[in-house]
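Heads up, final-v5.cif below (mmCIF, C-alpha atoms and all ligand atoms):
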data_run
#
loop_
_atom_site.label_atom_id
_atom_site.label_comp_id
_atom_site.auth_asym_id
_atom_site.auth_seq_id
_atom_site.Cartn_x
_atom_site.Cartn_y
_atom_site.Cartn_z
CA MET A 229 0.00 0.00 0.00
CA ASN A 230 1.01 3.58 -0.57
CA ILE A 231 -0.92 6.73 0.14
CA LYS A 232 -1.96 8.89 -2.80
CA HIS A 233 -2.10 12.45 -1.60
CA THR A 234 -4.52 14.72 -3.49
CA PRO A 235 -3.92 18.47 -3.31
CA PRO A 236 -6.78 20.24 -1.50
CA LEU A 237 -9.66 21.46 -3.66
CA GLU A 238 -9.12 25.04 -2.44
CA THR A 239 -5.51 24.95 -3.66
CA ILE A 240 -6.59 23.69 -7.07
CA GLN A 241 -9.35 26.30 -7.30
CA LYS A 242 -6.93 29.04 -6.33
CA ILE A 243 -4.44 27.99 -9.03
CA ALA A 244 -7.11 27.37 -11.68
CA LYS A 245 -8.35 30.92 -11.23
CA VAL A 246 -4.98 32.18 -12.47
CA PHE A 247 -3.88 29.31 -14.71
CA PRO A 248 -6.76 27.41 -16.29
CA THR A 249 -6.75 23.62 -16.36
CA PRO A 250 -5.26 21.40 -17.49
CA PHE A 251 -1.91 21.86 -15.75
CA HIS A 252 0.87 19.76 -14.33
CA LEU A 253 1.44 20.52 -10.68
CA TYR A 254 4.63 19.58 -8.79
CA SER A 255 5.19 19.49 -5.06
CA GLU A 256 8.45 21.19 -4.12
CA ALA A 257 8.34 19.47 -0.72
CA GLU A 258 8.07 16.02 -2.30
CA LEU A 259 10.84 16.67 -4.84
CA GLU A 260 13.14 17.81 -2.05
CA LYS A 261 12.18 14.90 0.18
CA ARG A 262 12.99 12.35 -2.50
CA ALA A 263 16.38 13.90 -3.25
CA ARG A 264 17.21 13.80 0.47
CA LEU A 265 16.05 10.21 0.96
CA LEU A 266 18.25 9.10 -1.93
CA LYS A 267 21.25 11.03 -0.64
CA ARG A 268 20.82 9.52 2.81
CA ALA A 269 20.52 5.99 1.38
CA PHE A 270 23.94 6.38 -0.25
CA GLN A 271 25.71 8.52 2.33
CA TRP A 272 28.04 5.58 3.04
CA ASN A 273 29.66 6.52 -0.31
CA PRO A 274 31.03 10.02 0.31
CA ASP A 275 31.08 11.14 -3.34
CA PHE A 276 27.75 9.57 -4.35
CA LYS A 277 25.94 11.65 -6.95
CA GLU A 278 22.49 11.52 -8.49
CA TYR A 279 22.38 12.75 -12.07
CA PHE A 280 18.68 13.49 -12.55
CA ALA A 281 17.51 12.07 -15.90
CA VAL A 282 16.48 15.28 -17.62
CA LYS A 283 14.14 13.52 -20.04
CA ALA A 284 11.83 12.62 -17.16
CA CYS A 285 11.02 16.28 -16.50
CA PRO A 286 13.06 18.82 -18.49
CA THR A 287 11.70 21.79 -16.59
CA PRO A 288 14.17 24.11 -14.84
CA GLY A 289 11.67 24.89 -12.08
CA VAL A 290 11.72 21.22 -11.10
CA ILE A 291 15.39 20.48 -11.79
CA ARG A 292 16.43 23.48 -9.69
CA VAL A 293 15.03 21.78 -6.57
CA PHE A 294 17.35 18.83 -7.22
CA GLN A 295 20.23 21.17 -8.09
CA ARG A 296 19.88 22.81 -4.67
CA GLU A 297 20.15 19.34 -3.12
CA GLY A 298 23.45 18.72 -4.92
CA CYS A 299 22.22 16.61 -7.82
CA GLY A 300 23.70 16.74 -11.30
CA VAL A 301 21.91 15.97 -14.56
CA ASP A 302 21.88 13.14 -17.06
CA CYS A 303 21.44 14.41 -20.62
CA ALA A 304 20.94 12.54 -23.87
CA SER A 305 20.66 15.22 -26.53
CA TRP A 306 21.93 18.62 -27.62
CA CYS A 307 18.87 20.38 -26.20
CA GLU A 308 19.18 18.62 -22.85
CA LEU A 309 22.85 19.63 -22.68
CA LYS A 310 21.86 23.18 -23.56
CA LEU A 311 19.30 23.17 -20.76
CA ALA A 312 21.92 21.89 -18.31
CA GLU A 313 24.37 24.58 -19.38
CA ALA A 314 21.74 27.32 -19.11
CA MET A 315 20.95 26.16 -15.56
CA GLY A 316 24.58 26.45 -14.55
CA PHE A 317 25.52 22.77 -14.43
CA ARG A 318 29.18 22.38 -15.27
CA GLY A 319 31.79 19.69 -15.85
CA GLU A 320 31.29 16.46 -13.99
CA GLU A 321 27.86 17.56 -12.78
CA ILE A 322 26.68 16.45 -16.22
CA MET A 323 26.45 12.92 -17.60
CA PHE A 324 25.96 12.60 -21.33
CA SER A 325 24.33 9.18 -21.88
CA SER A 326 23.34 9.14 -25.52
CA ASN A 327 23.09 6.50 -28.20
CA GLU A 328 23.18 6.76 -32.01
CA THR A 329 24.63 10.18 -31.22
CA PRO A 330 24.26 12.82 -33.95
CA ALA A 331 27.27 14.83 -35.14
CA GLY A 332 28.37 17.67 -32.92
CA GLU A 333 26.89 16.45 -29.64
CA PHE A 334 30.03 14.76 -28.29
CA ALA A 335 32.07 17.89 -29.02
CA TYR A 336 29.53 20.00 -27.17
CA ALA A 337 29.41 17.60 -24.21
CA LYS A 338 33.21 17.57 -24.06
CA LYS A 339 33.35 21.35 -24.16
CA LEU A 340 31.06 21.42 -21.12
CA GLY A 341 33.34 18.90 -19.41
CA ALA A 342 30.48 16.41 -19.09
CA ILE A 343 31.19 12.75 -18.42
CA ILE A 344 30.53 11.08 -21.76
CA ASN A 345 28.91 7.65 -21.58
CA LEU A 346 29.70 5.61 -24.71
CA ASP A 347 26.95 3.26 -25.82
CA ASP A 348 29.00 1.27 -28.30
CA ILE A 349 32.54 0.30 -29.19
CA SER A 350 32.04 1.78 -32.67
CA MET A 351 31.56 5.18 -31.06
CA ILE A 352 35.20 5.38 -29.90
CA ASP A 353 36.54 6.41 -33.31
CA TYR A 354 33.53 8.63 -33.85
CA LEU A 355 34.19 10.45 -30.57
CA ASN A 356 37.93 10.62 -31.17
CA ASP A 357 37.50 12.01 -34.69
CA GLU A 358 34.99 14.57 -33.54
CA CYS A 359 36.75 16.07 -30.55
CA GLY A 360 39.55 13.83 -29.30
CA MET A 361 39.30 11.52 -26.31
CA PRO A 362 38.47 12.95 -22.87
CA ASP A 363 40.60 12.03 -19.84
CA LYS A 364 37.64 10.29 -18.22
CA LEU A 365 35.11 8.16 -20.03
CA CYS A 366 32.09 6.05 -19.07
CA LEU A 367 31.21 2.83 -20.92
CA ARG A 368 27.74 1.33 -21.10
CA TYR A 369 27.52 -2.41 -20.42
CA ASN A 370 24.86 -4.87 -21.56
CA PRO A 371 25.28 -8.35 -20.07
CA GLY A 372 22.70 -9.82 -22.50
CA GLY A 373 20.23 -12.59 -21.69
CA GLU A 374 17.57 -12.12 -19.06
CA LEU A 375 18.05 -10.35 -15.75
CA LYS A 376 16.77 -12.81 -13.20
CA ILE A 377 16.33 -12.99 -9.45
CA GLY A 378 15.73 -16.69 -8.90
CA THR A 379 13.13 -17.48 -11.54
CA PHE A 380 11.69 -13.95 -11.66
CA VAL A 381 12.63 -12.11 -14.85
CA MET A 382 13.25 -8.49 -13.95
CA GLY A 383 14.50 -7.24 -17.27
CA ASN A 384 15.55 -8.36 -20.71
CA PRO A 385 18.94 -6.83 -21.56
CA GLY A 386 19.43 -9.26 -24.46
CA GLU A 387 16.67 -7.48 -26.32
CA ALA A 388 17.79 -3.97 -25.45
CA LYS A 389 19.53 -1.81 -28.05
CA PHE A 390 21.81 -0.26 -25.44
CA GLY A 391 25.31 -1.03 -24.29
CA MET A 392 28.25 -3.29 -25.15
CA THR A 393 29.00 -6.95 -24.54
CA ARG A 394 31.61 -8.00 -21.98
CA GLU A 395 34.18 -8.71 -24.69
CA GLN A 396 33.51 -5.32 -26.27
CA ILE A 397 33.94 -3.56 -22.92
CA PHE A 398 37.39 -5.14 -22.51
CA GLU A 399 38.31 -4.25 -26.07
CA ALA A 400 36.95 -0.71 -25.62
CA VAL A 401 39.00 -0.13 -22.46
CA ARG A 402 42.19 -1.38 -24.16
CA LYS A 403 41.59 0.87 -27.14
CA CYS A 404 40.68 3.92 -25.06
CA MET A 405 43.78 3.45 -22.88
CA ARG A 406 45.89 3.50 -26.04
CA LEU A 407 44.10 6.70 -27.06
CA GLY A 408 44.96 8.34 -23.75
CA VAL A 409 41.88 7.90 -21.59
CA GLN A 410 43.04 7.91 -17.94
CA GLU A 411 40.01 6.79 -15.97
CA PHE A 412 36.84 4.84 -16.65
CA ALA A 413 33.32 4.59 -15.32
CA LEU A 414 30.89 1.75 -15.98
CA HIS A 415 27.15 2.13 -16.57
CA ALA A 416 24.20 -0.24 -17.07
CA PHE A 417 20.43 0.14 -17.22
CA LEU A 418 18.95 -3.35 -17.09
CA ALA A 419 15.38 -3.03 -15.81
CA SER A 420 12.86 -0.22 -16.04
CA ASN A 421 10.28 0.93 -13.51
CA THR A 422 11.00 -1.82 -11.02
CA THR A 423 10.08 -1.43 -7.36
CA ASP A 424 12.01 -4.63 -6.61
CA GLU A 425 14.62 -3.67 -4.03
CA SER A 426 17.06 -6.25 -5.34
CA TYR A 427 17.45 -4.62 -8.77
CA TYR A 428 19.98 -1.92 -7.90
CA PRO A 429 22.15 -4.24 -5.78
CA LEU A 430 22.11 -6.79 -8.62
CA ASN A 431 23.05 -4.16 -11.19
CA ALA A 432 25.78 -3.01 -8.78
CA ARG A 433 27.13 -6.53 -8.49
CA ILE A 434 27.24 -6.99 -12.26
CA LEU A 435 29.07 -3.70 -12.78
CA MET A 436 31.40 -4.04 -9.79
CA GLU A 437 32.54 -7.52 -10.80
CA LEU A 438 33.20 -6.22 -14.28
CA ALA A 439 35.12 -3.26 -12.85
CA ARG A 440 37.23 -5.54 -10.65
CA ASP A 441 38.01 -7.85 -13.59
CA LEU A 442 38.97 -4.91 -15.80
CA VAL A 443 41.33 -3.54 -13.18
CA ARG A 444 42.92 -6.94 -12.61
CA GLN A 445 43.34 -7.82 -16.27
CA LEU A 446 44.05 -4.45 -17.86
CA GLY A 447 45.37 -2.36 -14.98
CA CYS A 448 42.97 0.47 -15.82
CA ARG A 449 41.59 2.91 -13.27
CA ILE A 450 37.86 2.92 -12.47
CA PHE A 451 36.48 6.09 -10.86
CA MET A 452 32.71 5.51 -10.92
CA ILE A 453 29.96 2.89 -11.05
CA ASN A 454 26.81 4.42 -12.53
CA LEU A 455 23.70 2.41 -11.65
CA SER A 456 21.61 4.58 -13.97
CA GLY A 457 17.80 4.76 -13.69
CA GLY A 458 15.10 2.15 -13.39
CA ILE A 459 13.95 2.31 -9.78
CA GLY A 460 10.19 2.32 -10.14
CA ILE A 461 7.31 3.89 -8.28
CA PRO A 462 4.03 2.34 -7.14
CA TYR A 463 1.53 3.73 -9.65
CA ARG A 464 -1.24 1.65 -8.08
CA PRO A 465 -2.30 2.36 -4.50
CA GLU A 466 -2.06 -1.32 -3.58
CA GLN A 467 1.61 -1.48 -4.62
CA ASP A 468 4.41 -0.92 -2.13
CA GLU A 469 6.98 1.81 -2.51
CA ALA A 470 10.58 0.67 -2.98
CA ASP A 471 12.51 1.23 0.27
CA ILE A 472 15.37 3.40 -0.91
CA ALA A 473 17.32 2.98 2.34
CA LYS A 474 17.22 -0.78 1.87
CA ILE A 475 18.34 -0.36 -1.75
CA GLY A 476 21.25 1.82 -0.62
CA SER A 477 22.44 -0.70 1.94
CA GLY A 478 22.00 -3.51 -0.60
CA VAL A 479 24.41 -1.69 -2.91
CA GLU A 480 26.77 -1.04 0.02
CA ARG A 481 26.95 -4.78 0.70
CA GLN A 482 28.04 -5.41 -2.89
CA TYR A 483 30.54 -2.56 -2.62
CA ASP A 484 32.09 -4.12 0.48
CA GLU A 485 32.17 -7.64 -0.93
CA ILE A 486 33.53 -6.78 -4.35
CA LEU A 487 35.19 -3.36 -4.53
CA ARG A 488 36.48 -2.89 -1.00
CA ALA A 489 37.69 -6.48 -1.01
CA ALA A 490 39.64 -5.69 -4.18
CA GLY A 491 41.14 -2.52 -2.69
CA MET A 492 38.95 -0.29 -4.85
CA GLU A 493 37.32 1.73 -2.07
CA ASP A 494 37.77 5.08 -3.83
CA VAL A 495 35.19 4.28 -6.53
CA ARG A 496 32.17 6.53 -6.35
CA ILE A 497 28.57 5.45 -6.96
CA ALA A 498 26.25 7.38 -9.23
CA SER A 499 22.58 7.10 -10.19
CA GLU A 500 20.55 8.59 -13.03
CA LEU A 501 17.10 8.25 -11.59
CA GLY A 502 14.22 10.00 -13.26
CA ARG A 503 10.96 8.32 -12.34
CA TYR A 504 11.90 7.72 -8.69
CA MET A 505 12.90 11.36 -8.23
CA SER A 506 10.04 13.30 -9.77
CA GLY A 507 7.27 10.82 -10.59
CA PRO A 508 5.32 10.86 -7.32
CA ALA A 509 5.86 14.62 -6.94
CA GLY A 510 3.65 15.46 -9.92
CA TRP A 511 -0.09 15.56 -10.64
CA LEU A 512 -1.96 16.32 -13.82
CA VAL A 513 -4.98 18.41 -12.87
CA THR A 514 -7.82 18.41 -15.35
CA LYS A 515 -11.48 19.42 -15.38
CA ILE A 516 -14.48 17.40 -16.48
CA ILE A 517 -16.00 19.31 -19.40
CA HIS A 518 -18.40 16.70 -20.75
CA THR A 519 -20.08 13.50 -19.69
CA LYS A 520 -21.36 10.87 -22.08
CA LYS A 521 -23.29 7.65 -21.69
CA THR A 522 -23.35 5.05 -24.46
CA TYR A 523 -22.13 1.49 -24.04
CA ARG A 524 -19.90 2.90 -21.35
CA ASN A 525 -19.97 5.80 -18.99
CA TYR A 526 -17.53 8.54 -20.05
CA LEU A 527 -15.99 11.50 -18.31
CA GLY A 528 -14.58 13.86 -20.93
CA VAL A 529 -11.76 16.01 -19.56
CA ASP A 530 -9.84 19.04 -20.81
CA ALA A 531 -6.49 17.21 -20.76
CA CYS A 532 -5.64 14.53 -23.31
CA ALA A 533 -2.80 12.21 -24.27
CA ALA A 534 -0.91 15.28 -25.53
CA ASP A 535 -0.39 16.16 -21.83
CA LEU A 536 0.23 12.62 -20.62
CA MET A 537 0.94 9.87 -23.08
CA ARG A 538 1.73 6.93 -20.82
CA PRO A 539 -1.81 5.48 -20.63
CA ALA A 540 -2.26 5.72 -24.42
CA MET A 541 1.24 4.45 -25.17
CA TYR A 542 1.69 1.65 -22.64
CA GLY A 543 -1.77 1.20 -21.18
CA ALA A 544 -0.09 2.53 -18.03
CA TYR A 545 -2.12 2.96 -14.87
CA HIS A 546 -2.34 6.39 -13.28
CA HIS A 547 -4.40 6.66 -10.15
CA ILE A 548 -7.23 9.21 -10.35
CA THR A 549 -9.00 11.04 -7.56
CA ILE A 550 -11.62 13.74 -7.61
CA ALA A 551 -10.44 16.85 -5.77
CA GLY A 552 -12.45 17.47 -2.63
CA ARG A 553 -14.16 14.09 -2.90
CA LYS A 554 -11.65 11.88 -1.15
CA THR A 555 -14.13 10.30 1.23
CA ALA A 556 -17.05 10.02 -1.21
CA PRO A 557 -18.24 6.45 -1.83
CA VAL A 558 -17.06 4.74 -5.01
CA GLU A 559 -20.29 4.05 -6.84
CA GLU A 560 -19.65 4.54 -10.56
CA VAL A 561 -17.43 3.06 -13.25
CA TYR A 562 -16.04 5.48 -15.82
CA ASP A 563 -13.78 5.72 -18.83
CA VAL A 564 -11.88 8.97 -18.38
CA VAL A 565 -11.11 10.29 -21.85
CA GLY A 566 -9.46 13.16 -23.68
CA SER A 567 -10.36 14.86 -26.93
CA LEU A 568 -7.98 13.18 -29.40
CA CYS A 569 -9.49 11.41 -32.40
CA GLU A 570 -7.82 8.21 -31.26
CA ASN A 571 -9.55 5.61 -29.17
CA ASN A 572 -6.46 5.09 -27.01
CA ASP A 573 -6.80 8.60 -25.59
CA LYS A 574 -8.15 7.25 -22.32
CA PHE A 575 -6.61 8.11 -18.97
CA ALA A 576 -8.60 5.28 -17.39
CA VAL A 577 -10.75 2.43 -18.60
CA GLU A 578 -13.66 1.12 -16.51
CA ARG A 579 -12.31 2.84 -13.42
CA PRO A 580 -14.39 2.77 -10.24
CA LEU A 581 -14.76 6.34 -8.96
CA PRO A 582 -17.13 8.39 -6.86
CA LYS A 583 -19.96 10.01 -8.79
CA ALA A 584 -18.46 12.85 -10.83
CA GLU A 585 -19.94 15.86 -12.56
CA ILE A 586 -19.06 18.47 -15.13
CA GLY A 587 -16.83 21.04 -13.43
CA ASP A 588 -15.16 18.57 -11.06
CA TYR A 589 -11.37 18.54 -10.97
CA LEU A 590 -9.80 15.16 -11.62
CA VAL A 591 -6.29 14.63 -10.30
CA LEU A 592 -4.07 12.13 -12.11
CA HIS A 593 -1.33 10.96 -9.79
CA ASP A 594 2.37 10.18 -10.28
CA THR A 595 2.69 12.22 -13.45
CA GLY A 596 5.93 14.01 -12.48
CA ALA A 597 8.22 11.84 -14.62
CA HIS A 598 7.84 10.98 -18.30
CA GLY A 599 4.57 12.95 -18.19
CA ARG A 600 4.59 16.43 -19.69
CA SER A 601 7.94 15.65 -21.31
CA MET A 602 6.53 12.85 -23.46
CA GLY A 603 3.71 15.09 -24.64
CA TYR A 604 3.12 15.80 -28.27
CA ASN A 605 0.88 17.91 -30.50
CA TYR A 606 -1.25 15.34 -32.27
CA ASN A 607 -4.60 16.66 -33.49
CA GLY A 608 -3.33 20.21 -33.02
CA ARG A 609 -3.63 19.87 -29.24
CA LEU A 610 -1.46 22.14 -27.14
CA ARG A 611 0.47 20.99 -24.14
CA SER A 612 -0.41 22.24 -20.70
CA ALA A 613 1.34 24.54 -18.26
CA GLU A 614 3.52 23.40 -15.35
CA ILE A 615 3.16 24.84 -11.89
CA LEU A 616 5.31 24.42 -8.81
CA LEU A 617 3.48 24.18 -5.51
CA LYS A 618 5.98 25.62 -3.08
CA LYS A 619 6.73 24.59 0.46
CA ASP A 620 5.17 27.79 1.81
CA GLY A 621 1.89 27.02 0.03
CA SER A 622 2.35 29.57 -2.75
CA PHE A 623 2.50 28.54 -6.40
CA GLU A 624 4.59 29.54 -9.36
CA LEU A 625 4.20 29.08 -13.10
CA ILE A 626 7.35 27.26 -14.21
CA ARG A 627 6.29 26.65 -17.80
CA ARG A 628 3.43 28.42 -19.53
CA ALA A 629 0.87 26.49 -21.54
CA GLU A 630 1.50 26.27 -25.26
CA THR A 631 -0.32 28.71 -27.51
CA PRO A 632 -1.33 28.37 -31.16
CA LYS A 633 1.75 30.42 -31.99
CA ASP A 634 3.94 27.66 -30.55
CA TYR A 635 2.11 25.12 -32.67
CA PHE A 636 2.69 27.16 -35.82
CA ALA A 637 6.24 28.23 -34.93
CA THR A 638 7.85 25.93 -37.50
CA LEU A 639 5.67 27.27 -40.30
CA ASP A 640 5.58 30.64 -42.01
CA ILE A 641 1.87 31.22 -41.62
CA CYS A 642 1.80 32.98 -38.26
CA ARG A 643 1.58 36.40 -39.86
CA ASP A 644 -1.16 35.38 -42.27
CA LEU A 645 -3.18 33.95 -39.40
CA ASP A 646 -2.64 37.10 -37.36
CA LEU A 647 -1.10 35.11 -34.50
CA GLN A 648 1.08 37.16 -32.21
C1 LIG B 701 15.58 7.07 -19.17
C2 LIG B 701 16.93 6.98 -18.59
C3 LIG B 701 17.13 7.17 -17.23
C4 LIG B 701 16.01 7.40 -16.25
O1 LIG B 701 15.16 6.33 -16.17
P1 LIG B 701 14.03 6.24 -15.03
O2 LIG B 701 13.29 5.00 -15.38
O3 LIG B 701 13.21 7.45 -15.16
O4 LIG B 701 14.73 6.15 -13.72
C5 LIG B 701 18.44 7.13 -16.75
N1 LIG B 701 19.47 6.91 -17.58
C6 LIG B 701 19.32 6.71 -18.90
C7 LIG B 701 20.52 6.50 -19.74
C8 LIG B 701 18.05 6.73 -19.45
O5 LIG B 701 17.90 6.52 -20.77
#
Could you rewrite the structure in this file as structure tokens?
Ligand SMILES: *Cc1c(COP(=O)(O)O)cnc(C)c1O
Amino acid sequence: MNIKHTPPLETIQKIAKVFPTPFHLYSEAELEKRARLLKRAFQWNPDFKEYFAVKACPTPGVIRVFQREGCGVDCASWCELKLAEAMGFRGEEIMFSSNETPAGEFAYAKKLGAIINLDDISMIDYLNDECGMPDKLCLRYNPGGELKIGTFVMGNPGEAKFGMTREQIFEAVRKCMRLGVQEFALHAFLASNTTDESYYPLNARILMELARDLVRQLGCRIFMINLSGGIGIPYRPEQDEADIAKIGSGVERQYDEILRAAGMEDVRIASELGRYMSGPAGWLVTKIIHTKKTYRNYLGVDACAADLMRPAMYGAYHHITIAGRKTAPVEEVYDVVGSLCENNDKFAVERPLPKAEIGDYLVLHDTGAHGRSMGYNYNGRLRSAEILLKKDGSFELIRRAETPKDYFATLDICRDLDLQ
């Protein structure tokens, strides 16, 4: 079980008066709390660093909360690097974990002093030709096969496009050493959205054993183990939250058994969590604008998959509550739908809810990661605003809603349409 907190109706009404629905709302207190819980879980490793996965929520108003808590950022594209630079992240506060990297991005990452994470052995020459080798380099590992705990399959690295085989990692380190790289980090992302507390320790073991073997066989220096993202959140109320303290001590045990035992106690641990950090700190607030009864009972809302794609894309569950109606009895079953001309634009299918009416505010929970950022403009729909609910109870617009002018920005017709 986990408790889904709904912002008070008065708060939503107060915000909606200034910034009409739909909007994404983020809790500053929750963002801060999560950053602190993670830091505490890994405080046994003095130089531990979380590089927040920018793609989960590329909004400075959110990232700044993590920045204040000492987090860095994990970027994957030119624009994400640009965002990091504009926010004042520098040097090793930035990870650049890209794949199939377009021309120019490595040079830009190197100029910023970011830690470049190479996805493939073929990228070594590409990187070297573009900007020369950096002193420090991270390599992305893919052990292949299935990631199993006992008989439970947690992930399927063998089918993932990311990372290098063990042989390729050895070859890559040899080659990079010849090209002048001084120190290496290892990275792997082997399971996504898992609340299983054994995932991170298992990933740690895989990477630490590889690090130890590399040091023994090639005499290279390893400065960091990057456990990447993947720690999940309980989208359903009946699911349990992953205990981050337990995860931290699970990784510490592997560190002691493998790295400390091999005399490698100066290696620092890193994470690139996105979902764990910001997911539960966000809500999508939307208003019921229509109701419809045919073969099913529909609530039509003013948000749509353009604001939150996960249900349409993966059939993902997002818990829904009606603001101000927390204790009302659950007596109806609704499909909660948006306006797109696509039948997958449903935030919920046959969801038991209290009786709802036009004008009610629906709150979609756990939308703070891979929510607004995955949005798109299908059907000419515009993406919603983002608002930060501050610790003192005040609120701040941290990204305005899109306007028609944004939609037409890549065309030349703005003037003809008289759009300012
Ligand atoms: C997406 C991604 C992350 C973040 O994943 P979460 O599931 O949000 O924790 C971290 N690192 C890399 C390289 C990614 O692609």
Atom CA of A:Ile459 to atom CA of A:Tyr542, distance in Å rounded to a single decimal: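 A separation of 17.8 Å between them.
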Contacts of stretch 339-354 of chain A within 9 Å, all atoms listed in the file, excl. fewer than 6 positions in-chain, as a VMD selection string: chain A and resid 309 313 317 to 329 331 360 to 362 364 to 369 390 to 392 396 to 397 399 to 400 403 to 404 413 to 415
Write out as a Markdown table the residues of stretch 295-315 of chain A that have any atom within 12 Å of an atom of stretch 495-502 of chain A, one row each with the nearest atom pair and its distance in Å to one decimal, counting only C-alpha atoms, sorted by chain and then rising number.
| residue | atom | partner | partner_atom | distance |
| --- | --- | --- | --- | --- |
| A:Cys299 | CA | A:Glu500 | CA | 9.7 |
| A:Gly300 | CA | A:Glu500 | CA | 8.9 |
| A:Val301 | CA | A:Glu500 | CA | 7.7 |
| A:Asp302 | CA | A:Glu500 | CA | 6.2 |
| A:Cys303 | CA | A:Glu500 | CA | 9.6 |
| A:Ala304 | CA | A:Glu500 | CA | 11.5 |
Excluding A:Leu311 and its own-chain neighbours fewer than 4 positions away, which residues fall within 8 Å of it when counting all atoms listed in the file? Please give them as number ranges by chain. A: 286, 288, 307, 315
May I have the residues at most 12 Å from (23.7, -6.3, -1.3) in the file's coordinates, counting all atoms listed in the file, as a ChimeraX atom specification? /A:425-434,436,473-486
Which one is closest to A:Gly460: A:Ala556, A:Ala597, A:Leu259, A:Val293? Count only C-alpha atoms. A:Ala597
Give the answer as one residue: which of A:Thr595, A:Thr234, A:Asn370, A:Ser420 has the shortest atom-to-atom distance to ligand LIG 701 (chain B), using only C-alpha atoms and all ligand atoms? A:Ser420
Of the candidates A:Ala613, A:Leu581, A:Ala540, A:Cys569, which one gets nearest to A:Glu630 if we count only C-alpha atoms?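 The shortest atom-to-atom distance to A:Glu630 comes from A:Ala613.
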Skipping near chain neighbours, those fewer than 5 positions away, what residues fall within 9 Å of A:Val401 using all atoms listed in the file, listed as a PyMOL selection string? chain A and resi 367+396+406+409+412+442+446+448
Okay, now the selection with C-alpha atoms, as a PDB file, in the coordinates of the input?
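Below is the file again11.pdb, written as the result:
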ATOM      1  CA  LEU A 367      31.210   2.830 -20.920  1.00  0.00           C
ATOM      2  CA  GLN A 396      33.510  -5.320 -26.270  1.00  0.00           C
ATOM      3  CA  ARG A 406      45.890   3.500 -26.040  1.00  0.00           C
ATOM      4  CA  VAL A 409      41.880   7.900 -21.590  1.00  0.00           C
ATOM      5  CA  PHE A 412      36.840   4.840 -16.650  1.00  0.00           C
ATOM      6  CA  LEU A 442      38.970  -4.910 -15.800  1.00  0.00           C
ATOM      7  CA  LEU A 446      44.050  -4.450 -17.860  1.00  0.00           C
ATOM      8  CA  CYS A 448      42.970   0.470 -15.820  1.00  0.00           C
TER       9      CYS A 448
END
Identify which of the residues A:Asp563, A:Glu387, A:Glu374, A:Glu256 lies closest to A:Phe623, counting all atoms listed in the file when measuring atom-to-atom distances.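 Looking only at the distances to A:Phe623, the closest residue turns out to be A:Glu256.
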For A:Glu260, find every residue with an atom within 9 Å (counting all atoms listed in the file), except residues of its own chain fewer than 6 positions away, and show them as an MDAnalysis selection string. chainID A and resid 293:294 296:297 505
Identify which of the residues A:Met229, A:Ile472, A:Leu536, A:Leu647 lies closest to A:Gln271, counting all atoms listed in the file when measuring atom-to-atom distances.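 Going through A:Met229, A:Ile472, A:Leu536, A:Leu647 one by one, the smallest distance to A:Gln271 is for A:Ile472.
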How many Å separate atom CA of A:Ala337 from atom CA of A:Trp306?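 We find that atom CA of A:Ala337 and atom CA of A:Trp306 lie 8.3 Å from each other.
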Protein and nucleic acid residues near (7.8, 24.8, -14.6) (cut-off 6 Å, only C-alpha atoms) as an NGL selection string: :A and (287 or 289 or 614-615 or 625-627)
What gap, in Å, lies between atom CA of A:Val565 and atom CA of A:Phe251?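 Taking atom CA of A:Val565 as the start and atom CA of A:Phe251 as the end point, the length is 16.0 Å.
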Which is closer to ligand LIG 701 (chain B) than all the others in A:Gly543, A:Gly507, A:Pro385, A:Gly587, using only C-alpha atoms and all ligand atoms? A:Gly507
